[in-house]
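Next comes target_37.cif, a file with mmCIF, C-alpha atoms and all ligand atoms.
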```
data_input
#
loop_
_atom_site.label_atom_id
_atom_site.label_comp_id
_atom_site.auth_asym_id
_atom_site.auth_seq_id
_atom_site.Cartn_x
_atom_site.Cartn_y
_atom_site.Cartn_z
CA MET A 943 -62.36 -3.96 16.33
CA GLU A 944 -60.23 -3.19 19.36
CA HIS A 945 -58.15 -0.10 18.71
CA LYS A 946 -56.42 0.49 22.02
CA ILE A 947 -53.90 -2.15 22.99
CA ASN A 948 -52.31 -2.15 26.44
CA VAL A 949 -48.79 -3.33 26.96
CA ALA A 950 -46.66 -4.10 30.04
CA ILE A 951 -42.88 -4.36 30.16
CA VAL A 952 -41.15 -6.71 32.60
CA GLY A 953 -37.45 -5.93 33.02
CA TYR A 954 -36.44 -2.29 32.75
CA GLY A 955 -32.86 -2.24 31.48
CA VAL A 956 -31.27 -0.81 28.35
CA VAL A 957 -33.79 -2.34 25.91
CA GLY A 958 -36.83 -1.80 28.19
CA ASN A 959 -36.02 1.91 28.41
CA GLY A 960 -35.73 2.07 24.63
CA VAL A 961 -39.10 0.35 24.14
CA ALA A 962 -40.83 2.64 26.66
CA LYS A 963 -39.27 5.69 25.02
CA ILE A 964 -40.57 4.72 21.57
CA LEU A 965 -44.03 3.78 22.87
CA ASP A 966 -44.35 7.01 24.89
CA THR A 967 -42.79 9.50 22.51
CA GLN A 968 -43.82 8.07 19.13
CA LYS A 969 -47.41 7.17 19.94
CA GLU A 970 -48.73 9.36 17.14
CA LEU A 971 -46.35 7.96 14.56
CA LEU A 972 -47.29 4.41 15.55
CA LYS A 973 -50.97 5.34 15.35
CA GLN A 974 -50.54 6.86 11.89
CA LYS A 975 -48.66 3.81 10.66
CA SER A 976 -50.76 1.07 12.26
CA GLY A 977 -54.12 2.70 12.94
CA LEU A 978 -53.84 1.52 16.54
CA GLU A 979 -53.30 3.19 19.86
CA ILE A 980 -50.60 1.36 21.75
CA ASN A 981 -50.47 2.24 25.40
CA LEU A 982 -47.67 1.34 27.80
CA LYS A 983 -49.77 0.66 30.88
CA LYS A 984 -47.32 -0.86 33.38
CA VAL A 985 -43.63 -1.52 33.87
CA PHE A 986 -42.13 -3.95 36.35
CA THR A 987 -38.56 -4.01 37.55
CA ARG A 988 -37.06 -5.33 40.76
CA ASN A 989 -35.21 -2.14 41.53
CA TRP A 990 -36.68 1.31 40.92
CA ASN A 991 -34.00 2.86 43.05
CA LYS A 992 -31.77 4.21 40.29
CA ASP A 993 -31.78 6.71 37.43
CA PHE A 994 -33.40 5.60 34.19
CA PRO A 995 -32.82 7.12 30.72
CA HIS A 996 -36.62 7.05 30.26
CA PRO A 997 -38.16 7.49 33.74
CA ILE A 998 -41.55 5.93 34.50
CA GLU A 999 -43.97 7.75 36.79
CA ASP A 1000 -45.23 6.03 39.97
CA SER A 1001 -48.70 5.35 38.59
CA ARG A 1002 -47.24 3.07 35.88
CA ARG A 1003 -44.80 1.24 38.13
CA ALA A 1004 -46.15 -2.24 38.93
CA LYS A 1005 -45.44 -3.21 42.54
CA ASP A 1006 -45.40 -6.91 41.69
CA LEU A 1007 -45.92 -9.23 38.73
CA ASP A 1008 -49.49 -10.02 39.73
CA GLU A 1009 -50.46 -6.43 39.09
CA ILE A 1010 -49.64 -7.12 35.43
CA LEU A 1011 -50.71 -10.75 35.19
CA ASN A 1012 -54.10 -10.14 36.82
CA ASP A 1013 -54.90 -7.03 34.78
CA GLU A 1014 -57.30 -8.24 32.08
CA ASP A 1015 -56.79 -5.05 30.13
CA ILE A 1016 -53.12 -5.83 29.50
CA HIS A 1017 -52.97 -7.68 26.19
CA ILE A 1018 -49.22 -8.01 25.62
CA VAL A 1019 -46.41 -8.72 28.09
CA VAL A 1020 -42.96 -7.69 26.88
CA GLU A 1021 -40.35 -9.85 28.59
CA LEU A 1022 -36.99 -8.07 28.75
CA ALA A 1023 -35.68 -9.48 32.02
CA GLY A 1024 -32.83 -11.64 30.65
CA GLY A 1025 -31.66 -15.04 31.91
CA ILE A 1026 -33.67 -18.21 31.42
CA ASP A 1027 -35.44 -19.36 34.59
CA PHE A 1028 -37.33 -16.19 35.51
CA PRO A 1029 -38.45 -15.37 31.93
CA TYR A 1030 -39.58 -18.99 31.49
CA TYR A 1031 -41.68 -18.73 34.65
CA LEU A 1032 -43.04 -15.32 33.66
CA ILE A 1033 -43.96 -16.31 30.10
CA ASN A 1034 -45.74 -19.45 31.27
CA LYS A 1035 -47.72 -17.43 33.81
CA ALA A 1036 -48.55 -14.74 31.24
CA LEU A 1037 -49.70 -17.38 28.70
CA ASP A 1038 -51.88 -18.92 31.44
CA LYS A 1039 -53.47 -15.50 31.80
CA ASN A 1040 -54.08 -15.34 28.03
CA LYS A 1041 -51.53 -12.65 27.30
CA HIS A 1042 -49.50 -12.44 24.11
CA ILE A 1043 -45.73 -12.25 24.58
CA VAL A 1044 -42.92 -10.26 23.05
CA THR A 1045 -39.38 -11.23 24.01
CA ALA A 1046 -35.81 -10.47 22.95
CA ASN A 1047 -34.53 -13.52 24.84
CA LYS A 1048 -32.64 -15.74 22.38
CA ALA A 1049 -31.22 -18.02 25.08
CA LEU A 1050 -34.70 -18.79 26.36
CA LEU A 1051 -36.13 -19.45 22.88
CA ALA A 1052 -33.18 -21.54 21.70
CA GLU A 1053 -33.21 -23.70 24.84
CA LYS A 1054 -36.91 -23.75 25.86
CA GLY A 1055 -38.63 -22.55 22.69
CA LYS A 1056 -40.35 -25.88 22.07
CA ASP A 1057 -42.30 -25.70 25.37
CA ILE A 1058 -43.18 -22.06 24.99
CA PHE A 1059 -44.29 -22.18 21.35
CA THR A 1060 -46.29 -25.36 21.92
CA LYS A 1061 -48.13 -23.80 24.85
CA ALA A 1062 -48.72 -20.53 22.97
CA GLN A 1063 -50.12 -22.42 20.00
CA GLU A 1064 -52.44 -24.48 22.20
CA LYS A 1065 -53.79 -21.27 23.68
CA ASN A 1066 -53.90 -19.45 20.35
CA LEU A 1067 -51.56 -16.76 21.63
CA ARG A 1068 -48.62 -15.16 19.86
CA ILE A 1069 -44.95 -14.94 20.76
CA GLY A 1070 -43.06 -12.11 19.03
CA PHE A 1071 -39.29 -12.52 18.97
CA GLU A 1072 -37.96 -10.23 16.25
CA ALA A 1073 -35.46 -8.68 18.67
CA SER A 1074 -33.98 -12.04 19.67
CA VAL A 1075 -31.81 -12.28 16.54
CA ALA A 1076 -29.62 -9.49 15.13
CA GLY A 1077 -31.27 -6.69 17.15
CA GLY A 1078 -32.71 -4.08 14.83
CA ILE A 1079 -32.44 -6.13 11.60
CA PRO A 1080 -35.94 -7.42 10.73
CA ILE A 1081 -34.63 -10.87 9.81
CA ILE A 1082 -37.43 -12.83 11.51
CA LYS A 1083 -40.09 -11.01 9.53
CA ALA A 1084 -38.00 -11.38 6.37
CA LEU A 1085 -37.77 -15.17 6.79
CA ARG A 1086 -41.36 -15.53 7.86
CA GLU A 1087 -42.99 -13.25 5.32
CA GLY A 1088 -40.68 -11.68 2.75
CA LEU A 1089 -38.98 -14.96 1.84
CA VAL A 1090 -41.94 -17.29 2.37
CA ALA A 1091 -41.92 -18.26 -1.33
CA ASN A 1092 -38.49 -19.83 -0.94
CA ASP A 1093 -37.03 -23.10 0.11
CA ILE A 1094 -34.15 -21.76 2.22
CA LYS A 1095 -30.85 -23.34 1.23
CA LYS A 1096 -28.31 -21.58 3.36
CA ILE A 1097 -27.90 -18.92 6.04
CA TYR A 1098 -24.63 -17.23 6.94
CA GLY A 1099 -24.78 -14.85 9.89
CA ILE A 1100 -22.49 -12.48 11.72
CA LEU A 1101 -24.79 -12.49 14.70
CA ASN A 1102 -22.61 -11.31 17.55
CA GLY A 1103 -21.36 -7.74 17.71
CA THR A 1104 -18.87 -8.26 20.55
CA THR A 1105 -16.87 -10.91 18.71
CA ASN A 1106 -17.10 -9.06 15.40
CA TYR A 1107 -15.70 -5.95 17.08
CA ILE A 1108 -12.80 -7.99 18.50
CA LEU A 1109 -11.99 -9.79 15.24
CA THR A 1110 -12.20 -6.55 13.24
CA SER A 1111 -9.70 -4.86 15.58
CA MET A 1112 -7.38 -7.86 15.47
CA TYR A 1113 -7.52 -7.87 11.64
CA LYS A 1114 -7.18 -4.12 11.11
CA GLU A 1115 -4.89 -3.13 13.97
CA GLY A 1116 -2.98 -6.35 14.60
CA LYS A 1117 -3.88 -6.30 18.30
CA SER A 1118 -4.06 -9.44 20.45
CA PHE A 1119 -7.34 -11.03 21.51
CA ASN A 1120 -6.92 -10.01 25.17
CA GLN A 1121 -5.92 -6.45 24.35
CA THR A 1122 -8.95 -6.02 22.09
CA LEU A 1123 -11.33 -7.61 24.56
CA GLU A 1124 -10.22 -5.19 27.29
CA GLU A 1125 -10.74 -2.27 24.90
CA ALA A 1126 -14.19 -3.56 23.94
CA LYS A 1127 -15.15 -3.72 27.63
CA LYS A 1128 -13.82 -0.23 28.27
CA ASN A 1129 -15.78 1.20 25.31
CA GLY A 1130 -18.98 -0.54 26.40
CA TYR A 1131 -19.04 -2.85 23.34
CA ALA A 1132 -18.55 -5.96 25.46
CA GLU A 1133 -20.53 -6.83 28.55
CA ALA A 1134 -18.77 -7.12 31.91
CA ASP A 1135 -19.07 -10.90 31.52
CA PRO A 1136 -18.86 -11.58 27.77
CA THR A 1137 -18.42 -15.37 28.16
CA LEU A 1138 -21.47 -16.35 26.10
CA ASP A 1139 -20.48 -13.93 23.33
CA ILE A 1140 -16.83 -15.01 23.16
CA ASN A 1141 -17.50 -18.74 23.32
CA GLY A 1142 -20.03 -18.62 20.48
CA THR A 1143 -23.12 -19.56 22.53
CA ASP A 1144 -24.95 -16.29 21.80
CA ALA A 1145 -24.49 -16.67 18.03
CA ALA A 1146 -25.50 -20.34 18.30
CA HIS A 1147 -28.74 -19.41 20.08
CA LYS A 1148 -29.52 -16.98 17.26
CA ILE A 1149 -28.74 -19.33 14.35
CA SER A 1150 -30.85 -22.03 16.05
CA ILE A 1151 -33.84 -19.67 16.03
CA LEU A 1152 -33.24 -18.73 12.38
CA SER A 1153 -32.91 -22.43 11.50
CA SER A 1154 -36.22 -23.29 13.15
CA LEU A 1155 -37.95 -20.60 11.14
CA SER A 1156 -36.21 -21.48 7.89
CA PHE A 1157 -36.32 -25.24 7.99
CA GLY A 1158 -39.57 -25.83 9.88
CA GLY A 1159 -38.70 -27.65 13.10
CA PHE A 1160 -37.20 -27.31 16.53
CA VAL A 1161 -33.45 -27.44 17.12
CA ASP A 1162 -32.00 -29.51 19.93
CA PHE A 1163 -29.55 -26.84 21.05
CA SER A 1164 -27.32 -29.32 22.87
CA HIS A 1165 -26.40 -30.82 19.47
CA VAL A 1166 -25.41 -27.58 17.74
CA TYR A 1167 -21.66 -27.40 17.01
CA VAL A 1168 -20.20 -24.30 18.70
CA GLU A 1169 -16.65 -23.00 18.86
CA GLY A 1170 -15.73 -19.51 20.07
CA ILE A 1171 -12.93 -17.07 19.32
CA GLN A 1172 -11.09 -17.28 22.64
CA LYS A 1173 -8.11 -19.16 21.20
CA ILE A 1174 -7.65 -17.02 18.07
CA ASP A 1175 -4.10 -15.79 17.61
CA THR A 1176 -3.12 -12.81 15.43
CA ILE A 1177 -0.67 -15.07 13.56
CA ASP A 1178 -3.65 -16.93 12.03
CA ILE A 1179 -5.44 -13.72 11.15
CA ASP A 1180 -2.27 -12.52 9.37
CA LEU A 1181 -1.61 -15.81 7.57
CA GLY A 1182 -5.27 -15.97 6.52
CA LYS A 1183 -4.97 -12.44 5.16
CA GLU A 1184 -2.03 -13.60 3.04
CA LEU A 1185 -4.21 -16.34 1.60
CA GLY A 1186 -6.95 -13.80 0.81
CA TYR A 1187 -9.22 -14.51 3.78
CA THR A 1188 -10.87 -12.55 6.59
CA LEU A 1189 -11.75 -14.23 9.88
CA LYS A 1190 -15.33 -13.99 11.17
CA LEU A 1191 -17.29 -15.80 13.87
CA LEU A 1192 -19.76 -17.20 11.38
CA ALA A 1193 -23.08 -18.84 12.21
CA ILE A 1194 -23.89 -21.29 9.43
CA ALA A 1195 -27.06 -23.23 8.63
CA LYS A 1196 -27.37 -25.35 5.49
CA SER A 1197 -30.17 -27.56 4.36
CA HIS A 1198 -29.24 -31.00 2.98
CA ASN A 1199 -32.42 -32.79 1.98
CA GLU A 1200 -33.49 -34.49 5.20
CA GLU A 1201 -30.78 -32.94 7.39
CA VAL A 1202 -29.80 -29.48 8.53
CA GLU A 1203 -26.19 -28.62 9.25
CA ILE A 1204 -25.84 -25.96 11.96
CA ARG A 1205 -22.48 -24.75 13.20
CA VAL A 1206 -20.87 -21.68 14.73
CA HIS A 1207 -17.09 -21.28 14.65
CA PRO A 1208 -14.32 -18.90 13.59
CA THR A 1209 -14.41 -19.07 9.80
CA PHE A 1210 -12.23 -17.74 7.02
CA LEU A 1211 -14.26 -16.05 4.31
CA PRO A 1212 -12.76 -14.69 1.07
CA SER A 1213 -11.84 -11.07 1.78
CA ASP A 1214 -14.03 -9.89 -1.11
CA HIS A 1215 -17.11 -11.68 0.31
CA PRO A 1216 -19.78 -9.14 1.36
CA LEU A 1217 -19.77 -10.52 4.93
CA SER A 1218 -16.01 -9.87 5.20
CA LYS A 1219 -16.80 -6.15 4.93
CA VAL A 1220 -19.12 -6.22 7.96
CA ASP A 1221 -16.96 -4.55 10.57
CA GLY A 1222 -17.12 -3.65 14.23
CA VAL A 1223 -20.30 -4.20 16.22
CA PHE A 1224 -22.51 -4.54 13.13
CA ASN A 1225 -24.42 -7.73 12.36
CA ALA A 1226 -25.34 -9.15 8.97
CA VAL A 1227 -27.26 -12.13 7.68
CA MET A 1228 -27.03 -13.63 4.23
CA VAL A 1229 -29.91 -15.88 3.25
CA GLU A 1230 -30.06 -17.97 0.11
CA GLY A 1231 -33.45 -19.09 -1.14
CA ASP A 1232 -34.18 -21.27 -4.14
CA ASN A 1233 -36.17 -18.59 -5.93
CA VAL A 1234 -34.70 -15.34 -4.69
CA GLY A 1235 -31.03 -16.41 -4.72
CA GLU A 1236 -28.80 -14.58 -2.24
CA THR A 1237 -30.13 -11.77 -0.05
CA MET A 1238 -28.29 -9.79 2.58
CA PHE A 1239 -29.47 -7.93 5.69
CA TYR A 1240 -27.23 -5.53 7.59
CA GLY A 1241 -27.61 -3.38 10.70
CA ARG A 1242 -27.10 -2.96 14.41
CA GLY A 1243 -27.42 -6.17 16.37
CA ALA A 1244 -27.60 -4.62 19.82
CA GLY A 1245 -28.18 -1.36 21.67
CA SER A 1246 -31.21 0.24 23.26
CA LEU A 1247 -33.09 1.79 20.33
CA PRO A 1248 -32.11 -0.67 17.54
CA THR A 1249 -33.32 -3.59 19.68
CA ALA A 1250 -36.37 -1.62 20.84
CA SER A 1251 -37.21 -0.94 17.18
CA ALA A 1252 -37.60 -4.73 16.72
CA VAL A 1253 -39.58 -5.17 19.96
CA VAL A 1254 -42.03 -2.43 18.98
CA SER A 1255 -42.49 -3.99 15.54
CA ASP A 1256 -43.63 -7.19 17.26
CA ILE A 1257 -45.95 -5.25 19.57
CA VAL A 1258 -47.58 -3.54 16.58
CA SER A 1259 -47.85 -6.79 14.64
CA ILE A 1260 -49.55 -8.57 17.56
CA ALA A 1261 -51.73 -5.53 18.24
CA LYS A 1262 -52.94 -5.72 14.64
CA SER A 1263 -53.82 -9.41 15.01
CA ILE A 1264 -55.69 -8.71 18.23
CA SER A 1265 -57.65 -5.89 16.72
CA LEU A 1266 -58.47 -7.94 13.61
CA GLY A 1267 -59.28 -11.01 15.68
CA ILE A 1268 -56.61 -13.18 14.05
CA GLY A 1269 -54.94 -15.83 16.19
CA ASN A 1270 -51.74 -17.67 16.40
CA GLU A 1271 -52.26 -20.26 13.67
CA ILE A 1272 -51.31 -17.77 10.95
CA GLU A 1273 -47.95 -17.23 12.61
CA ILE A 1274 -47.19 -20.94 12.84
CA THR A 1275 -48.22 -22.02 9.37
CA SER A 1276 -46.61 -19.09 7.61
CA VAL A 1277 -43.20 -20.26 8.77
CA ASN A 1278 -43.95 -23.94 8.25
CA TRP A 1279 -42.98 -24.36 11.91
CA LYS A 1280 -43.98 -27.98 12.24
CA HIS A 1281 -43.89 -29.37 15.72
CA LYS A 1282 -41.06 -31.75 15.00
CA ASP A 1283 -37.33 -31.72 15.70
CA LEU A 1284 -34.90 -30.93 12.91
CA ASN A 1285 -32.52 -33.72 12.00
CA LEU A 1286 -29.07 -32.17 12.60
CA THR A 1287 -26.03 -33.27 10.62
CA LYS A 1288 -23.43 -34.87 12.88
CA VAL A 1289 -20.09 -33.06 13.22
CA LYS A 1290 -18.15 -35.95 11.70
CA ASP A 1291 -20.31 -35.64 8.58
CA PHE A 1292 -19.46 -31.98 7.92
CA TYR A 1293 -17.68 -31.27 4.63
CA THR A 1294 -15.82 -27.99 4.27
CA ARG A 1295 -12.42 -26.52 3.52
CA TYR A 1296 -9.77 -26.22 6.22
CA TYR A 1297 -6.90 -23.94 7.16
CA ILE A 1298 -4.57 -25.95 9.39
CA ARG A 1299 -1.49 -24.45 11.03
CA PHE A 1300 1.11 -26.91 12.25
CA THR A 1301 4.15 -25.99 14.30
CA VAL A 1302 6.88 -28.10 12.77
CA PRO A 1303 10.61 -28.67 13.27
CA ASP A 1304 12.44 -27.13 10.31
CA VAL A 1305 13.98 -30.43 9.13
CA THR A 1306 14.13 -32.21 5.78
CA GLY A 1307 11.05 -34.18 4.78
CA ILE A 1308 8.52 -32.93 7.34
CA LEU A 1309 6.23 -31.41 4.71
CA ALA A 1310 6.31 -34.67 2.72
CA LYS A 1311 5.41 -36.67 5.85
CA ILE A 1312 2.44 -34.45 6.64
CA ALA A 1313 1.35 -34.46 2.99
CA SER A 1314 1.43 -38.27 2.95
CA VAL A 1315 -0.91 -38.43 5.97
CA PHE A 1316 -3.28 -36.05 4.17
CA ALA A 1317 -3.18 -38.27 1.07
CA LYS A 1318 -3.91 -41.35 3.20
CA TYR A 1319 -7.11 -39.70 4.45
CA ASP A 1320 -8.11 -38.41 1.02
CA ILE A 1321 -7.56 -34.76 1.92
CA SER A 1322 -6.51 -32.72 -1.06
CA ILE A 1323 -4.13 -29.79 -0.47
CA ALA A 1324 -4.95 -26.47 -2.18
CA ALA A 1325 -2.13 -24.26 -0.88
CA VAL A 1326 0.82 -24.37 1.50
CA ILE A 1327 2.64 -21.57 3.33
CA GLN A 1328 5.79 -22.24 5.28
CA LYS A 1329 7.43 -19.31 6.98
CA GLU A 1330 11.14 -19.08 7.59
CA LYS A 1331 10.26 -17.08 10.67
CA VAL A 1332 11.28 -19.14 13.69
CA VAL A 1333 8.50 -19.50 16.23
CA LYS A 1334 10.79 -21.04 18.84
CA LEU A 1335 13.63 -23.51 19.29
CA GLN A 1336 12.74 -27.10 19.98
CA LYS A 1337 14.70 -27.83 23.17
CA SER A 1338 15.34 -31.56 22.78
CA VAL A 1339 17.04 -31.39 19.37
CA SER A 1340 17.67 -27.66 19.17
CA ASN A 1341 15.88 -27.55 15.87
CA LYS A 1342 14.13 -24.44 14.70
CA VAL A 1343 10.35 -24.64 14.90
CA VAL A 1344 8.33 -22.85 12.24
CA PRO A 1345 4.66 -22.46 11.29
CA LEU A 1346 3.42 -24.55 8.37
CA VAL A 1347 -0.03 -23.77 7.01
CA ILE A 1348 -2.01 -26.08 4.78
CA LEU A 1349 -5.19 -24.98 3.05
CA THR A 1350 -7.29 -27.91 1.89
CA HIS A 1351 -9.91 -28.41 -0.75
CA THR A 1352 -13.28 -29.58 0.52
CA ALA A 1353 -12.66 -32.49 2.89
CA SER A 1354 -14.48 -34.63 5.40
CA GLU A 1355 -14.34 -33.39 9.02
CA ASN A 1356 -13.95 -36.96 10.19
CA ASN A 1357 -10.92 -37.53 7.95
CA VAL A 1358 -9.34 -34.23 8.91
CA GLN A 1359 -9.62 -35.10 12.60
CA LEU A 1360 -8.11 -38.56 11.97
CA ALA A 1361 -5.24 -37.06 9.97
CA ILE A 1362 -4.49 -34.47 12.65
CA LYS A 1363 -4.47 -37.15 15.32
CA GLU A 1364 -1.94 -39.19 13.35
CA ILE A 1365 0.26 -36.15 12.64
CA VAL A 1366 0.35 -35.20 16.33
CA LYS A 1367 0.96 -38.81 17.42
CA ASN A 1368 3.98 -38.99 15.11
CA ASN A 1369 5.30 -35.65 16.44
CA TYR A 1370 5.29 -34.08 12.97
CA SER A 1371 3.65 -31.09 14.63
CA ILE A 1372 5.11 -30.34 18.01
CA GLU A 1373 2.07 -28.36 19.11
CA GLU A 1374 -1.64 -29.03 18.76
CA PRO A 1375 -2.46 -27.78 15.23
CA VAL A 1376 -4.79 -24.82 14.84
CA ILE A 1377 -7.80 -25.69 12.68
CA ILE A 1378 -9.95 -22.96 11.14
CA ARG A 1379 -12.74 -23.88 8.76
CA VAL A 1380 -12.98 -22.01 5.48
CA GLU A 1381 -16.24 -21.19 3.66
CA ASP A 1382 -15.14 -20.69 0.09
CA GLU A 1383 -16.73 -22.25 -2.94
CA GLU A 1384 -14.31 -24.41 -4.91
CA LYS A 1385 -13.38 -22.55 -8.10
N1 LIG B 1401 -24.24 -9.51 23.24
C1 LIG B 1401 -24.77 -9.53 21.92
C2 LIG B 1401 -23.69 -9.11 20.91
C3 LIG B 1401 -25.94 -8.59 21.72
O1 LIG B 1401 -22.55 -8.83 21.29
O2 LIG B 1401 -24.01 -9.09 19.75
C4 LIG B 1401 -27.21 -9.11 22.27
O3 LIG B 1401 -27.66 -10.21 21.55
#
```

File written out as structure tokens:
Amino acid sequence: MEHKINVAIVGYGVVGNGVAKILDTQKELLKQKSGLEINLKKVFTRNWNKDFPHPIEDSRRAKDLDEILNDEDIHIVVELAGGIDFPYYLINKALDKNKHIVTANKALLAEKGKDIFTKAQEKNLRIGFEASVAGGIPIIKALREGLVANDIKKIYGILNGTTNYILTSMYKEGKSFNQTLEEAKKNGYAEADPTLDINGTDAAHKISILSSLSFGGFVDFSHVYVEGIQKIDTIDIDLGKELGYTLKLLAIAKSHNEEVEIRVHPTFLPSDHPLSKVDGVFNAVMVEGDNVGETMFYGRGAGSLPTASAVVSDIVSIAKSISLGIGNEIEITSVNWKHKDLNLTKVKDFYTRYYIRFTVPDVTGILAKIASVFAKYDISIAAVIQKEKVVKLQKSVSNKVVPLVILTHTASENNVQLAIKEIVKNNYSIEEPVIIRVEDEEK
């Protein structure tokens, strides 16, 4: 049995520093817990010319990638460089050199996972990616091992801390989206360029990875339905609150026999739902299995040490396999990760509940006209709120314009889109209606 496992880190940012700190300062603890000595042998970064929270001495600084790739004593390469192209190149090279991989890179796995996992399996090497979804929450291990006795029915995830921080502030303090985003940047909760967080892509990458693990197939990321929070207005958060709902950027995956429905969008959840209580930068995942029922996982989805905690768990897990001589096939079969593509439900075939806010002229009969279009498309109305509060005056006829909110029962996405089109065409709503999907079981 091999007891000393050598590791190299490529990319020495916030997470890399956290991983090095744990490996260097908690060596004894890791040895006690795993029976293995895990040694951080080399670190590569493009720029050593700055201060690091966990400095690395010269003897462990790799001058180029080859120093790591050509070192036969390095068993595991930890990719923490970020982006897609460079990590893809690096991981391919490292697999060619028979090294196991640990990565936190959800974008890479969601968009190029098929290539990487196929190659790793062919070479009987392992890819650890616990840190790629929900940072420190061990959700990958939970799906792969703890919940292996279950047919997974549904996953709900709050998988992006930046957007959850923004929506929590908007809900609790009534601040606008832009105001909250600026605050989040100032406090270091949002990255300088938070585009992929705000537009839902980051959460979509993560739910795609969870779906692959849960439903046993690859996800064609280009077909995942994604909507971000950039257009959310406090008026909808307030009106939702009145109806008993809290707004979250929810990542949803549901299994329907031969199809899997995957979508990420702003979603109203009942305010007493456990996920509605997940505030600020925290992440949470609710998984429903046929045997276990509902389970919930909660914790920090980002940050140096929480993410490093997940990376080190992968390093230890792979180190154990190496020392026991177990290969990759265990990893693949235990998640039923068949090398096939999942059949994704088309957007028009989604069925859910809807909150729709129209901006209507305050004239006789407008509600009846809108209701008749809903009836035509077989959309059943559950609740209506019309505010006397004037949003603005309609110039042409100097009518008052007010918000009208309709909450539907479960309806077909296709029919809702057709109804909205007709309502807008007939000028019943003088602005493009705001549509927010609602996840709430029918009573
Ligand atoms: N930017 C992500 C978030 C963390 O805001 O949750 C890294 O996945």

Around (-32.7, 5.8, 32.5) in the file's own coordinates, what residues are found within 10 Å if you use all atoms listed in the file, given back as JSON, numbers by chain?
{"A": [954, 955, 956, 958, 959, 960, 963, 992, 993, 994, 995, 996, 997, 998]}

Kindly work out which residues sit at most 9 Å from ligand LIG 1401 (chain B), using all atoms listed in the file, and give the list as a short mmCIF file (atom, residue, chain, number, x, y, z; two decimals) with C-alpha atoms, in the coordinates of the input.
```
data_model
loop_
_atom_site.label_atom_id
_atom_site.label_comp_id
_atom_site.auth_asym_id
_atom_site.auth_seq_id
_atom_site.Cartn_x
_atom_site.Cartn_y
_atom_site.Cartn_z
CA ALA A 1046 -35.81 -10.47 22.95
CA ASN A 1047 -34.53 -13.52 24.84
CA LYS A 1048 -32.64 -15.74 22.38
CA ALA A 1073 -35.46 -8.68 18.67
CA SER A 1074 -33.98 -12.04 19.67
CA VAL A 1075 -31.81 -12.28 16.54
CA ALA A 1076 -29.62 -9.49 15.13
CA GLY A 1077 -31.27 -6.69 17.15
CA ILE A 1100 -22.49 -12.48 11.72
CA LEU A 1101 -24.79 -12.49 14.70
CA ASN A 1102 -22.61 -11.31 17.55
CA GLY A 1103 -21.36 -7.74 17.71
CA THR A 1104 -18.87 -8.26 20.55
CA THR A 1105 -16.87 -10.91 18.71
CA ASN A 1106 -17.10 -9.06 15.40
CA TYR A 1107 -15.70 -5.95 17.08
CA TYR A 1131 -19.04 -2.85 23.34
CA ALA A 1132 -18.55 -5.96 25.46
CA GLU A 1133 -20.53 -6.83 28.55
CA PRO A 1136 -18.86 -11.58 27.77
CA LEU A 1138 -21.47 -16.35 26.10
CA ASP A 1139 -20.48 -13.93 23.33
CA ILE A 1140 -16.83 -15.01 23.16
CA ASP A 1144 -24.95 -16.29 21.80
CA ALA A 1145 -24.49 -16.67 18.03
CA LYS A 1148 -29.52 -16.98 17.26
CA VAL A 1223 -20.30 -4.20 16.22
CA PHE A 1224 -22.51 -4.54 13.13
CA ASN A 1225 -24.42 -7.73 12.36
CA ARG A 1242 -27.10 -2.96 14.41
CA GLY A 1243 -27.42 -6.17 16.37
CA ALA A 1244 -27.60 -4.62 19.82
CA GLY A 1245 -28.18 -1.36 21.67
CA THR A 1249 -33.32 -3.59 19.68
#
```

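When atom CA of Val1380 of chain A is paired with atom CA of Phe1210 of chain A, their separation reads 4.6 Å.
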
Sort by chain and increasing residue number a table of all residues of segment 1179-1258 of chain A within 12 Å of segment 976-986 of chain A, each with its closest pair of atoms and their distance in Å to one decimal, counting all atoms listed in the file, and write it as a tab-separated table.
```
residue	atom	partner	partner_atom	distance
A:Val1254	CA	A:Ile980	CA	9.8
A:Ser1255	CA	A:Ser976	CA	10.2
A:Asp1256	CA	A:Ile980	CA	11.9
A:Ile1257	CA	A:Ile980	CA	8.4
A:Val1258	CA	A:Ser976	CA	7.1
```

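The gap separating atom CA of Ile951 of chain A from atom CA of Gly1055 of chain A is 20.1 Å, in Å to one decimal.
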
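Protein and nucleic acid residues near (-53.7, -16.8, 32.4) are Asp1008, Ile1010, Leu1011, Asn1012, Asp1013, Glu1014, Ile1016, His1017, Ile1018, Val1019, Leu1032, Ile1033, Asn1034, Lys1035, Ala1036, Leu1037, Asp1038, Lys1039, Asn1040, Lys1041, His1042, Lys1061, Ala1062, Lys1065 and Leu1067 of chain A, the criterion being any atom at most 12 Å away using all atoms listed in the file.
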
Go through A:Leu1191, A:Leu1089, A:Ile1321, A:Leu1050 and flag the residue nearest Gly1025 of chain A, using only C-alpha atoms for the distances.
A:Leu1050

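With atom CA of Ser1218 of chain A on one side and atom CA of Phe1239 of chain A on the other, the separation reads 13.6 Å.
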
Near Leu1346 of chain A, within 9 Å and counting all atoms listed in the file, which residues show up once chain neighbours fewer than 3 positions away are dropped, as a CSV table (one decimal) with C-alpha atoms, keeping the file's coordinate frame?
```
chain,number,residue,atom,x,y,z
A,1298,ILE,CA,-4.6,-26.0,9.4
A,1299,ARG,CA,-1.5,-24.4,11.0
A,1300,PHE,CA,1.1,-26.9,12.2
A,1301,THR,CA,4.2,-26.0,14.3
A,1302,VAL,CA,6.9,-28.1,12.8
A,1309,LEU,CA,6.2,-31.4,4.7
A,1326,VAL,CA,0.8,-24.4,1.5
A,1327,ILE,CA,2.6,-21.6,3.3
A,1328,GLN,CA,5.8,-22.2,5.3
A,1329,LYS,CA,7.4,-19.3,7.0
```
